[in-house]
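Accompanying notes for the structure given below.
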Amino acid sequence: MANQTAVWLLSRPGTEILLDAGAHILHYEMAGAAALAGVQVRPVAGNPVMDAAALSAAIRPTSPHVPRASLVCLENTHNGAGGRVTSLAAMREICDIARANELPVHLDGARLWNAAAASHETLAALASIADTVMVSFSKGLGCPVGAALAGPRDLIAEGWSVRKRFGGGMRQSGILAAAALHALDAHLPRIAEDHASAKIYASIVDGVAGARVVAPDTNIIMLDLPASIDAFAVVAECRRRDVLLTPWSASRIRAVTHLDVSESAVRQAAATAAEVLEHMGGGGRVQSKRH
Ligand SMILES: *Cc1c(COP(=O)(O)O)cnc(C)c1O
């Protein structure tokens, strides 16, 4: 809802918004940008995530025959790319292209906490490049629920009525805000522990039965399986052994480390996944090769 509110505020109906081809706004928000804001979502292929060159190439020349763009959206860290961090410098380059084309920038920062910890930048510095910034309190920060949208005062004042129109007006939000404040005090300082755990997890499963890990920047581990192993079967067998994973596709599995899973539990979860992979692959560990 925070992302959709920003899209509604910053875009114009009948235009397109430019974002990475794997963006949350494109894949997991029920075509909300089309239905709510009346915009076309234009996926931009990244390397692995949309950079300034990719954005620049995607901006169409002004013409009566093609849609105009009205907004650029970034996602940092990038979930679909395996919790990938876009550096502050790379974000600045993207924003320079956007500004040169008079396009505002919305930052989907559901995991901005992780981006800040991994890049050793402040949250304020990362947020400062965008016109609006969404943050989620329920991902790595560990709240049961909650997100926020930040931006210029006048815009956010209008955002409150958009939120209510979208069904998100609440008189009971204080208890949720208290949880978010607690998480900012108690959980934000420990978020780098999840990144260290993710690296441990990756080192245990990478190469097992031909599976390849996308080297994790933060707390998301993407595991690519050889054609002979079905991701859904691995996930089901791990679940039977009380280890939860997300099947990302038939050949890719996502594991996420977070504050509810200690380092020793992460090692155990990785060992279980490795056992299952070895069993299903019918072979042992092949030589590890990072990509
Ligand atoms: C989860 C997520 C959201 C939505 O966050 P909520 O707190 O559920 O509203 C937006 N963007 C990304 C990249 C996410 O992973």
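Order determines the names: the first chain of the structure tokens is A, the second B, and so forth; residues in each chain are numbered 1 upward, and ligands are numbered 1 upward as they are shown.
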Q.
Can you pull out every residue with an atom within 9 Å of ligand 1? Use only C-alpha atoms and all ligand atoms and format it as a ChimeraX atom specification.
A. /A:1-3,23-25,28-29,75-80,108-111,134-139,145-148
For the residues selected in the previous step, produce a file with N, CA, C and O atoms as a short mmCIF file (atom, residue, chain, number, x, y, z; two decimals), in the first residue's frame.
```
data_model
loop_
_atom_site.label_atom_id
_atom_site.label_comp_id
_atom_site.auth_asym_id
_atom_site.auth_seq_id
_atom_site.Cartn_x
_atom_site.Cartn_y
_atom_site.Cartn_z
N MET A 1 0.83 -1.20 0.00
CA MET A 1 0.00 0.00 0.00
C MET A 1 0.87 1.26 0.00
O MET A 1 0.54 2.25 -0.66
N ALA A 2 2.01 1.19 0.72
CA ALA A 2 2.90 2.35 0.73
C ALA A 2 3.47 2.60 -0.66
O ALA A 2 3.52 3.74 -1.13
N ASN A 3 3.89 1.52 -1.33
CA ASN A 3 4.38 1.68 -2.71
C ASN A 3 3.27 2.21 -3.62
O ASN A 3 3.49 3.12 -4.42
N ALA A 23 10.95 -6.16 -10.16
CA ALA A 23 10.50 -5.34 -9.02
C ALA A 23 9.25 -5.90 -8.33
O ALA A 23 8.35 -6.45 -8.97
N HIS A 24 9.20 -5.70 -7.03
CA HIS A 24 8.04 -6.09 -6.22
C HIS A 24 6.77 -5.41 -6.76
O HIS A 24 5.72 -6.04 -6.87
N ILE A 25 6.89 -4.14 -7.13
CA ILE A 25 5.72 -3.38 -7.62
C ILE A 25 5.14 -4.05 -8.86
O ILE A 25 3.93 -4.05 -9.08
N TYR A 28 4.32 -8.41 -7.37
CA TYR A 28 3.62 -8.85 -6.15
C TYR A 28 2.60 -7.85 -5.65
O TYR A 28 2.24 -7.89 -4.47
N GLU A 29 2.15 -6.93 -6.51
CA GLU A 29 1.20 -5.94 -6.03
C GLU A 29 -0.07 -5.93 -6.87
O GLU A 29 -0.75 -4.91 -7.00
N GLU A 75 14.30 -0.39 -6.20
CA GLU A 75 14.10 -1.32 -5.08
C GLU A 75 15.47 -1.65 -4.48
O GLU A 75 16.34 -2.16 -5.18
N ASN A 76 15.66 -1.33 -3.19
CA ASN A 76 16.96 -1.54 -2.56
C ASN A 76 16.76 -1.90 -1.09
O ASN A 76 16.19 -1.11 -0.35
N THR A 77 17.21 -3.12 -0.66
CA THR A 77 17.79 -4.14 -1.49
C THR A 77 16.74 -4.72 -2.43
O THR A 77 15.54 -4.52 -2.22
N HIS A 78 17.22 -5.49 -3.41
CA HIS A 78 16.32 -6.05 -4.40
C HIS A 78 16.02 -7.51 -4.08
O HIS A 78 16.91 -8.35 -4.13
N ASN A 79 14.76 -7.76 -3.76
CA ASN A 79 14.35 -9.08 -3.33
C ASN A 79 14.58 -10.14 -4.42
O ASN A 79 15.27 -11.13 -4.21
N GLY A 80 14.01 -9.90 -5.60
CA GLY A 80 14.09 -10.89 -6.68
C GLY A 80 15.51 -11.18 -7.13
O GLY A 80 15.80 -12.27 -7.63
N ASP A 108 11.50 1.84 -3.32
CA ASP A 108 10.92 0.75 -2.54
C ASP A 108 12.03 0.25 -1.62
O ASP A 108 12.89 -0.52 -2.03
N GLY A 109 11.99 0.73 -0.39
CA GLY A 109 13.03 0.40 0.58
C GLY A 109 12.52 -0.56 1.64
O GLY A 109 12.87 -0.42 2.81
N ALA A 110 11.70 -1.53 1.21
CA ALA A 110 11.20 -2.52 2.17
C ALA A 110 12.37 -3.09 2.98
O ALA A 110 12.24 -3.37 4.17
N ARG A 111 13.52 -3.21 2.30
CA ARG A 111 14.73 -3.72 2.98
C ARG A 111 15.85 -2.68 2.98
O ARG A 111 17.03 -3.04 2.90
N MET A 134 9.64 4.12 0.67
CA MET A 134 8.83 3.20 1.44
C MET A 134 9.76 2.32 2.26
O MET A 134 10.80 1.88 1.76
N VAL A 135 9.43 2.10 3.53
CA VAL A 135 10.16 1.12 4.34
C VAL A 135 9.17 0.15 4.96
O VAL A 135 8.02 0.52 5.23
N SER A 136 9.61 -1.09 5.13
CA SER A 136 8.76 -2.10 5.74
C SER A 136 9.35 -2.49 7.09
O SER A 136 10.55 -2.72 7.21
N PHE A 137 8.48 -2.54 8.10
CA PHE A 137 8.94 -2.91 9.45
C PHE A 137 8.84 -4.42 9.68
O PHE A 137 9.31 -4.92 10.69
N SER A 138 8.21 -5.12 8.75
CA SER A 138 7.92 -6.53 9.01
C SER A 138 8.87 -7.48 8.28
O SER A 138 8.68 -8.68 8.32
N LYS A 139 9.88 -6.96 7.62
CA LYS A 139 10.83 -7.88 6.98
C LYS A 139 11.98 -8.09 7.97
O LYS A 139 11.74 -8.53 9.07
N VAL A 145 3.82 -6.52 11.57
CA VAL A 145 3.13 -5.83 10.48
C VAL A 145 3.63 -4.39 10.46
O VAL A 145 4.12 -3.88 11.45
N GLY A 146 3.53 -3.73 9.31
CA GLY A 146 3.77 -2.30 9.28
C GLY A 146 4.72 -1.85 8.20
O GLY A 146 5.70 -2.52 7.90
N ALA A 147 4.41 -0.72 7.60
CA ALA A 147 5.27 -0.08 6.62
C ALA A 147 5.04 1.42 6.73
O ALA A 147 4.05 1.85 7.33
N ALA A 148 5.95 2.20 6.18
CA ALA A 148 5.79 3.65 6.20
C ALA A 148 6.22 4.23 4.87
O ALA A 148 7.03 3.64 4.15
#
```
Q | Residue neighbourhood Leu245 (chain A), 9 Å, only C-alpha atoms, exclusion window fewer than 6 positions, as a PyMOL selection string | A | chain A and resi 234-236+238-239+253-256
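With CA of Leu19 (chain A) on one side and CA of Cys73 (chain A) on the other, the separation reads 5.0 Å.
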Q | Residue set, region 22-83 of chain A restricted to strand (DSSP E or B), as JSON, numbers by chain | A | {"A": [40, 41, 42, 43, 44, 69, 70, 71, 72, 73, 74, 75, 78]}
Q) With only C-alpha atoms as the atoms that count, which of A:Asp131, A:Glu16, A:Asp217, A:Asp242 lies nearest to Ile59 (chain A)? A) A:Glu16
**Q.** Exercise: Trp113 (chain A) partners within 8 Å, only C-alpha atoms, chain neighbours under 4 positions left out, as a VMD selection string
**A.** chain A and resid 109 117 123 140 to 141 188 191
Q | Option closest in space to Leu181 (chain A), from A:Ile94, A:Cys143, A:Val41, A:Ala100 [counting only C-alpha atoms] | A | A:Cys143
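Note that CA of Leu18 (chain A) and CA of Met50 (chain A) are 9.7 Å apart.
Proximity to Ala53 (chain A) was assessed for A:Ala69, A:Asp96, A:Ala202, A:Arg190 counting only C-alpha atoms; the smallest distance is recorded for A:Asp96.
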Q: Per DSSP on the backbone, filter region 132-255 of chain A down to the residues in helix (DSSP H, G or I) and report them as a ChimeraX atom specification.
A: /A:153-165,174-186,188-205,231-240
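Between His279 (chain A) and the candidates A:Ala90, A:Ser264, A:Val208, A:Ala231, the tightest atom-to-atom separation, counting only C-alpha atoms, involves A:Val208.
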Q: Fewer than 5 positions away in the same chain doesn't count, so skip those; otherwise give me all residues within 8 Å of Pro216 (chain A), counting only C-alpha atoms, as an NGL selection string.
A: :A and (82-84 or 195 or 198-199 or 202 or 221-222)
Q. Which neighbours of Gly282 (chain A) fall inside 12 Å, counting only C-alpha atoms, when residues of the same chain fewer than 4 positions from it are skipped, and could you give them as a list in words?
A. Val208, Ala209, Gly210, Pro226, Ser228, Ile229, Ala274, Glu275, Val276, Leu277, Glu278 and Val286 of chain A
**Q.** Exercise: Cys95 (chain A) partners within 8 Å, only C-alpha atoms, chain neighbours under 4 positions left out, as an MDAnalysis selection string
**A.** chainID A and resid 52 91 99 105 129:130
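The gap separating CA of Val85 (chain A) from CA of His120 (chain A) is 11.1 Å, in Å to one decimal.
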Compile the contact shell of Leu103 (chain A) as a PDB file with N, CA, C and O atoms, in the first residue's frame: residues with an atom at most 8 Å away, counting only C-alpha atoms, same-chain residues fewer than 6 positions apart removed.
```pdb
ATOM      1  N   ALA A  69       6.802   8.722 -19.947  1.00  0.00           N
ATOM      2  CA  ALA A  69       7.077   8.201 -18.601  1.00  0.00           C
ATOM      3  C   ALA A  69       6.713   9.275 -17.583  1.00  0.00           C
ATOM      4  O   ALA A  69       6.726  10.473 -17.897  1.00  0.00           O
ATOM      5  N   SER A  70       6.338   8.848 -16.369  1.00  0.00           N
ATOM      6  CA  SER A  70       6.090   9.850 -15.329  1.00  0.00           C
ATOM      7  C   SER A  70       6.820   9.543 -14.030  1.00  0.00           C
ATOM      8  O   SER A  70       6.844  10.390 -13.134  1.00  0.00           O
ATOM      9  N   LEU A  71       7.417   8.373 -13.911  1.00  0.00           N
ATOM     10  CA  LEU A  71       8.014   7.997 -12.620  1.00  0.00           C
ATOM     11  C   LEU A  71       9.027   6.884 -12.813  1.00  0.00           C
ATOM     12  O   LEU A  71       8.861   6.007 -13.677  1.00  0.00           O
ATOM     13  N   VAL A  72      10.067   6.916 -11.987  1.00  0.00           N
ATOM     14  CA  VAL A  72      11.040   5.821 -11.912  1.00  0.00           C
ATOM     15  C   VAL A  72      10.954   5.230 -10.507  1.00  0.00           C
ATOM     16  O   VAL A  72      10.911   5.977  -9.521  1.00  0.00           O
TER      17      VAL A  72
END
```
Q: Point out the residue among A:Gln40, A:Gly151, A:Ala34, A:Leu225 with the least atom-to-atom distance to Asp206 (chain A), counting only C-alpha atoms.
A: A:Leu225
